[in-house]
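**Student:** The structure that follows is given in the form of structure tokens.
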Amino acid sequence: YSFCTLLVGMFKWQRLREGQSLWLQLLITVLIGVYYWLVACVLIPSAGMKSEEWQSRQVWAARVGAFMVLWCLWGSTLVSPGVIPKGWNGSNQEPVDKELSWCRPCQDWKPVRTHHCRRCGCCVPRFDHHCDWIDNCVGQANHKYFALFLFYISFLILHYFFSVYHYLMSSPRELYLPLGQELQPPSRQVYRSRPAVGDPYLAVFLVTYSLAAFGFFVFAFSFFGCTFSGLFYNTTSYDENVTLDPTSFSRGFLLNMSEVLGVHPLTWLVPGTVPVTVAKKAPPTPQDTTQKVKSD
């Protein structure tokens, strides 16, 4: 993944079909902007007991995190999940593998682990599911964008609550001295925190936004766990529904991860597309392997 390759790929983003919904993506973009405003302009600068270096690191973390979330969100929305070329089999009459199935809408054979999505109107290689959040299929070409979106949005929400905690706990403190009481020795002095949220409107907004962020975190993190569990074993949501043994596609941890995240582990956290590879033959089943061993 060179920088130029990533930049050229971003300029090719476009709405994949007429009627593709983008309103939810725009709403998430606005919420990410609100997150950055709260963290970089309200929460972190108000943590007066923290050093300027610490505050600068947290602001940069917010900038990088927000950029990565938006990059992955719009990448998974506007990047095609993958296209199976017409006549990939060489002939529309006979399949190269007996386990291939015929796609009636496309009038062609479907490669292994390919499913036809009626909403997108095409056969998607390594089909996982059609996501209503991005109104696009999650397939081989954009699965990395989708997986990293779940990863970075979970990090971003955790960083938001981390900033809220330090905002409340690191507010300036003042010496509590009741009227008429003499100043006590330092070991017996009592301090109390000033109100961290002085503006009642800001307090209501913070509570509302935090509740929404917590609900979205539960949803995103649970989906994040399911998605990365599938990456570990090289399975998809569709495989688990139609295959008796979804782990039959597993080829080991590194090969499983590289099928979606790319060949080089150093670029696994960098958003991008993975070239679509058409599997012309299904992997051998345990029964086929056993029969081969007996025959040998």
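How things are named: the first chain in the structure tokens is A, the next is B, and so on; residues count from 1 in each chain; ligands count from 1 in the order shown.
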Hey, what does DSSP flag as alpha helix (DSSP H) within stretch 45-269 of chain A? Can you give it to me as a PyMOL selection string?
**Tutor:** chain A and resi 45-46+52-78+143-169+200-233+237-242+253-261
**Student:** May I have the residues within 10 Å of stretch 41-49 of chain A as number ranges by chain, using only C-alpha atoms and disregarding those fewer than 3 positions away in the same chain?
**Tutor:** A: 35-38, 52, 54-59, 160, 162-173, 196-197, 202
**Student:** Just want the 7 Å neighbourhood of stretch 113-123 of chain A, counted on only C-alpha atoms, with same-chain residues fewer than 3 positions away dropped. Output as a PyMOL selection string.
**Tutor:** chain A and resi 83-84+110+126-127
**Student:** Please identify all polymer residues within 7 Å of A:Val274, counting only C-alpha atoms, omitting same-chain residues fewer than 3 positions from it, and present them as a ChimeraX atom specification.
**Tutor:** /A:140-141,260,262
**Student:** Export, as an mmCIF file, in the first residue's frame, the selected residues with N, CA and C atoms.
**Tutor:**
data_model
loop_
_atom_site.group_PDB
_atom_site.id
_atom_site.type_symbol
_atom_site.label_atom_id
_atom_site.label_comp_id
_atom_site.auth_asym_id
_atom_site.auth_seq_id
_atom_site.Cartn_x
_atom_site.Cartn_y
_atom_site.Cartn_z
ATOM 1 N N GLN A 140 -15.423 -9.197 -0.544
ATOM 2 C CA GLN A 140 -13.968 -9.348 -0.482
ATOM 3 C C GLN A 140 -13.236 -8.022 -0.655
ATOM 4 N N ALA A 141 -13.714 -7.149 -1.529
ATOM 5 C CA ALA A 141 -12.971 -5.928 -1.845
ATOM 6 C C ALA A 141 -13.093 -4.859 -0.763
ATOM 7 N N VAL A 260 -8.222 -10.868 4.113
ATOM 8 C CA VAL A 260 -9.055 -9.665 4.212
ATOM 9 C C VAL A 260 -8.215 -8.416 4.445
ATOM 10 N N GLY A 262 -4.858 -7.994 3.990
ATOM 11 C CA GLY A 262 -3.706 -7.784 3.131
ATOM 12 C C GLY A 262 -2.549 -8.703 3.498
#
**Student:** What separation in Å, quoted to one decimal, exists between atom CA of A:Trp71 and atom CA of A:Pro271?
**Tutor:** 7.5 Å
**Student:** Going by DSSP on the backbone, which residues of stretch 39-157 of chain A come out as strand (DSSP E)? List them as a PyMOL selection string.
**Tutor:** chain A and resi 101-103+108-110+114-117+122-125+129-131+136-138
**Student:** Pick the closest to A:Val138 from A:Ser154, A:Tyr201, A:Pro111, A:Thr236: which is it, counting only C-alpha atoms?
**Tutor:**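 The closest residue to A:Val138 is A:Thr236.
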**Student:** For stretch 222-232 of chain A, please output as a list in words all residues within 7 Å (counting only C-alpha atoms; exclusion window: fewer than 2 positions along the same chain).
**Tutor:**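 Neighbouring residues, sequence-local ones excluded: Ala147, Leu150, Phe151, Val218, Phe219, Ala220, Asn234, Thr235, Thr236, Phe253, Asn256 and Met257 of chain A.
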**Student:** Pull N, CA, C and O atoms from the residues just selected and write them as a tab-separated table (two decimals), in the first residue's frame.
**Tutor:**
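Final file, out35.tsv:
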chain	number	residue	atom	x	y	z
A	147	ALA	N	-14.25	-3.89	8.48
A	147	ALA	CA	-13.67	-4.41	9.72
A	147	ALA	C	-12.92	-3.31	10.47
A	147	ALA	O	-13.02	-3.19	11.69
A	150	LEU	N	-15.24	-0.81	12.29
A	150	LEU	CA	-15.68	-1.28	13.60
A	150	LEU	C	-14.55	-1.15	14.63
A	150	LEU	O	-14.80	-0.82	15.80
A	151	PHE	N	-13.33	-1.42	14.21
A	151	PHE	CA	-12.18	-1.32	15.12
A	151	PHE	C	-11.95	0.12	15.56
A	151	PHE	O	-11.83	0.41	16.76
A	218	VAL	N	-21.85	-0.53	22.48
A	218	VAL	CA	-22.27	-1.91	22.73
A	218	VAL	C	-22.57	-2.61	21.40
A	218	VAL	O	-22.15	-3.76	21.18
A	219	PHE	N	-23.26	-1.92	20.51
A	219	PHE	CA	-23.59	-2.50	19.21
A	219	PHE	C	-22.33	-2.72	18.37
A	219	PHE	O	-22.10	-3.80	17.82
A	220	ALA	N	-21.48	-1.67	18.26
A	220	ALA	CA	-20.30	-1.75	17.40
A	220	ALA	C	-19.29	-2.76	17.93
A	220	ALA	O	-18.69	-3.52	17.16
A	234	ASN	N	-11.34	-17.38	9.08
A	234	ASN	CA	-11.64	-17.25	7.66
A	234	ASN	C	-13.06	-17.69	7.34
A	234	ASN	O	-13.31	-18.48	6.43
A	235	THR	N	-14.01	-17.17	8.11
A	235	THR	CA	-15.42	-17.44	7.87
A	235	THR	C	-16.17	-16.12	7.72
A	235	THR	O	-15.70	-15.07	8.15
A	236	THR	N	-17.34	-16.18	7.11
A	236	THR	CA	-18.21	-15.02	6.99
A	236	THR	C	-19.55	-15.35	7.62
A	236	THR	O	-19.85	-16.51	7.94
A	253	PHE	N	-3.70	-18.81	10.95
A	253	PHE	CA	-3.98	-17.43	11.38
A	253	PHE	C	-3.49	-16.40	10.38
A	253	PHE	O	-4.26	-15.52	9.95
A	256	ASN	N	-5.37	-16.53	7.04
A	256	ASN	CA	-6.76	-16.11	7.23
A	256	ASN	C	-6.85	-14.59	7.32
A	256	ASN	O	-7.71	-13.97	6.68
A	257	MET	N	-6.00	-13.99	8.11
A	257	MET	CA	-6.03	-12.53	8.28
A	257	MET	C	-5.63	-11.83	6.99
A	257	MET	O	-6.20	-10.79	6.63
**Student:** Taking 6 positions as the minimum chain separation for residues in the same chain, which residues sit within 12 Å of A:Met68 when counting only C-alpha atoms? Answer as a compact mmCIF listing (two decimals) with all heavy atoms, in the first residue's frame.
**Tutor:**
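File produced: around.txt:
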# COMPACT_ATOMS: atom_id res chain seq x y z
N THR A 29 -21.13 10.90 10.32
CA THR A 29 -20.09 11.90 10.09
C THR A 29 -20.29 13.11 10.99
O THR A 29 -19.33 13.65 11.57
CB THR A 29 -20.10 12.33 8.61
OG1 THR A 29 -19.87 11.18 7.79
CG2 THR A 29 -19.01 13.35 8.34
N ILE A 32 -19.31 12.18 14.52
CA ILE A 32 -17.85 12.17 14.67
C ILE A 32 -17.32 13.59 14.81
O ILE A 32 -16.40 13.86 15.58
CB ILE A 32 -17.20 11.44 13.48
CG1 ILE A 32 -17.63 9.98 13.44
CG2 ILE A 32 -15.68 11.53 13.57
CD1 ILE A 32 -17.29 9.20 14.68
N ALA A 61 -4.67 12.26 19.19
CA ALA A 61 -5.35 10.97 19.13
C ALA A 61 -6.77 11.13 18.61
O ALA A 61 -7.26 10.30 17.83
CB ALA A 61 -5.35 10.32 20.51
N ALA A 62 -7.44 12.20 19.03
CA ALA A 62 -8.79 12.47 18.54
C ALA A 62 -8.79 12.77 17.05
O ALA A 62 -9.67 12.32 16.30
CB ALA A 62 -9.41 13.62 19.31
N TRP A 74 -16.63 5.82 4.86
CA TRP A 74 -16.98 6.15 3.48
C TRP A 74 -16.32 5.19 2.50
O TRP A 74 -16.84 4.98 1.39
CB TRP A 74 -16.59 7.59 3.19
CG TRP A 74 -17.50 8.54 3.88
CD1 TRP A 74 -17.26 9.26 5.01
CD2 TRP A 74 -18.85 8.86 3.49
NE1 TRP A 74 -18.36 10.00 5.38
CE2 TRP A 74 -19.34 9.78 4.45
CE3 TRP A 74 -19.67 8.46 2.45
CZ2 TRP A 74 -20.64 10.29 4.38
CZ3 TRP A 74 -20.97 8.97 2.38
CH2 TRP A 74 -21.42 9.88 3.34
N GLY A 75 -15.19 4.58 2.89
CA GLY A 75 -14.61 3.56 2.04
C GLY A 75 -15.49 2.34 1.92
O GLY A 75 -15.71 1.81 0.82
N TYR A 145 -12.25 -2.37 4.82
CA TYR A 145 -12.79 -1.07 5.23
C TYR A 145 -13.80 -1.26 6.36
O TYR A 145 -13.79 -0.53 7.35
CB TYR A 145 -13.47 -0.38 4.05
CG TYR A 145 -12.53 0.39 3.14
CD1 TYR A 145 -12.32 -0.02 1.83
CD2 TYR A 145 -11.88 1.52 3.58
CE1 TYR A 145 -11.48 0.68 0.99
CE2 TYR A 145 -11.04 2.23 2.75
CZ TYR A 145 -10.84 1.81 1.46
OH TYR A 145 -10.00 2.51 0.62
N PHE A 146 -14.69 -2.25 6.19
CA PHE A 146 -15.76 -2.46 7.17
C PHE A 146 -15.20 -2.93 8.51
O PHE A 146 -15.59 -2.45 9.57
CB PHE A 146 -16.76 -3.47 6.63
CG PHE A 146 -17.93 -3.72 7.53
CD1 PHE A 146 -18.95 -2.80 7.63
CD2 PHE A 146 -18.01 -4.88 8.29
CE1 PHE A 146 -20.04 -3.02 8.47
CE2 PHE A 146 -19.08 -5.11 9.12
CZ PHE A 146 -20.10 -4.17 9.22
N LEU A 148 -12.15 -2.49 9.74
CA LEU A 148 -11.40 -1.42 10.39
C LEU A 148 -12.31 -0.30 10.87
O LEU A 148 -12.00 0.38 11.86
CB LEU A 148 -10.34 -0.87 9.43
CG LEU A 148 -9.18 -1.81 9.12
CD1 LEU A 148 -8.16 -1.12 8.21
CD2 LEU A 148 -8.49 -2.27 10.40
N PHE A 149 -13.45 -0.11 10.22
CA PHE A 149 -14.42 0.87 10.72
C PHE A 149 -14.91 0.47 12.10
O PHE A 149 -14.97 1.30 13.03
CB PHE A 149 -15.59 0.99 9.76
CG PHE A 149 -16.77 1.73 10.34
CD1 PHE A 149 -16.72 3.09 10.57
CD2 PHE A 149 -17.93 1.03 10.69
CE1 PHE A 149 -17.80 3.76 11.13
CE2 PHE A 149 -19.01 1.70 11.25
CZ PHE A 149 -18.95 3.07 11.46
N LEU A 150 -15.24 -0.81 12.29
CA LEU A 150 -15.68 -1.28 13.60
C LEU A 150 -14.55 -1.15 14.63
O LEU A 150 -14.80 -0.82 15.80
CB LEU A 150 -16.14 -2.73 13.50
CG LEU A 150 -17.36 -2.99 12.62
CD1 LEU A 150 -17.61 -4.49 12.51
CD2 LEU A 150 -18.58 -2.28 13.17
N PHE A 151 -13.33 -1.42 14.21
CA PHE A 151 -12.18 -1.32 15.12
C PHE A 151 -11.95 0.12 15.56
O PHE A 151 -11.83 0.41 16.76
CB PHE A 151 -10.93 -1.87 14.43
CG PHE A 151 -9.66 -1.66 15.21
CD1 PHE A 151 -9.36 -2.47 16.29
CD2 PHE A 151 -8.77 -0.66 14.85
CE1 PHE A 151 -8.18 -2.28 17.02
CE2 PHE A 151 -7.61 -0.46 15.56
CZ PHE A 151 -7.31 -1.27 16.65
N TYR A 152 -11.92 1.05 14.61
CA TYR A 152 -11.60 2.44 14.95
C TYR A 152 -12.76 3.14 15.64
O TYR A 152 -12.54 4.02 16.50
CB TYR A 152 -11.19 3.21 13.70
CG TYR A 152 -9.79 2.88 13.22
CD1 TYR A 152 -9.56 2.29 11.99
CD2 TYR A 152 -8.69 3.16 14.03
CE1 TYR A 152 -8.27 1.97 11.56
CE2 TYR A 152 -7.40 2.86 13.62
CZ TYR A 152 -7.20 2.27 12.39
OH TYR A 152 -5.92 1.96 11.98
N ILE A 153 -14.01 2.79 15.33
CA ILE A 153 -15.13 3.43 16.02
C ILE A 153 -15.19 2.98 17.47
O ILE A 153 -15.54 3.75 18.37
CB ILE A 153 -16.46 3.15 15.29
CG1 ILE A 153 -17.58 4.08 15.79
CG2 ILE A 153 -16.90 1.70 15.46
CD1 ILE A 153 -17.39 5.50 15.43
N SER A 154 -14.81 1.72 17.73
CA SER A 154 -14.75 1.25 19.13
C SER A 154 -13.65 1.99 19.89
O SER A 154 -13.85 2.41 21.04
CB SER A 154 -14.49 -0.26 19.16
OG SER A 154 -15.51 -0.97 18.50
N PHE A 155 -12.49 2.18 19.25
CA PHE A 155 -11.41 2.94 19.88
C PHE A 155 -11.84 4.37 20.15
O PHE A 155 -11.56 4.94 21.21
CB PHE A 155 -10.17 2.92 18.98
CG PHE A 155 -9.18 4.00 19.30
CD1 PHE A 155 -8.31 3.87 20.38
CD2 PHE A 155 -9.11 5.16 18.53
CE1 PHE A 155 -7.40 4.87 20.69
CE2 PHE A 155 -8.21 6.17 18.82
CZ PHE A 155 -7.34 6.02 19.91
N LEU A 156 -12.54 4.98 19.19
CA LEU A 156 -12.94 6.38 19.32
C LEU A 156 -13.90 6.58 20.49
O LEU A 156 -13.77 7.56 21.24
CB LEU A 156 -13.59 6.84 18.01
CG LEU A 156 -13.39 8.32 17.65
CD1 LEU A 156 -11.93 8.57 17.36
CD2 LEU A 156 -14.23 8.68 16.43
N LEU A 269 -3.67 -2.32 9.64
CA LEU A 269 -4.49 -1.25 10.22
C LEU A 269 -4.63 -0.06 9.29
O LEU A 269 -5.18 0.97 9.69
CB LEU A 269 -3.90 -0.80 11.56
CG LEU A 269 -3.88 -1.86 12.67
CD1 LEU A 269 -3.30 -1.28 13.95
CD2 LEU A 269 -5.29 -2.40 12.92
N VAL A 270 -4.14 -0.18 8.05
CA VAL A 270 -4.28 0.89 7.06
C VAL A 270 -5.43 0.54 6.14
O VAL A 270 -5.42 -0.51 5.49
CB VAL A 270 -2.99 1.06 6.24
CG1 VAL A 270 -3.15 2.17 5.21
CG2 VAL A 270 -1.81 1.34 7.16
N PRO A 271 -6.47 1.39 6.05
CA PRO A 271 -7.61 1.07 5.19
C PRO A 271 -7.20 0.92 3.73
O PRO A 271 -6.27 1.57 3.25
CB PRO A 271 -8.55 2.26 5.39
CG PRO A 271 -8.13 2.86 6.69
CD PRO A 271 -6.66 2.63 6.79
N GLY A 272 -7.91 0.08 3.02
CA GLY A 272 -7.65 -0.13 1.61
C GLY A 272 -8.46 -1.30 1.09
O GLY A 272 -9.20 -1.95 1.82
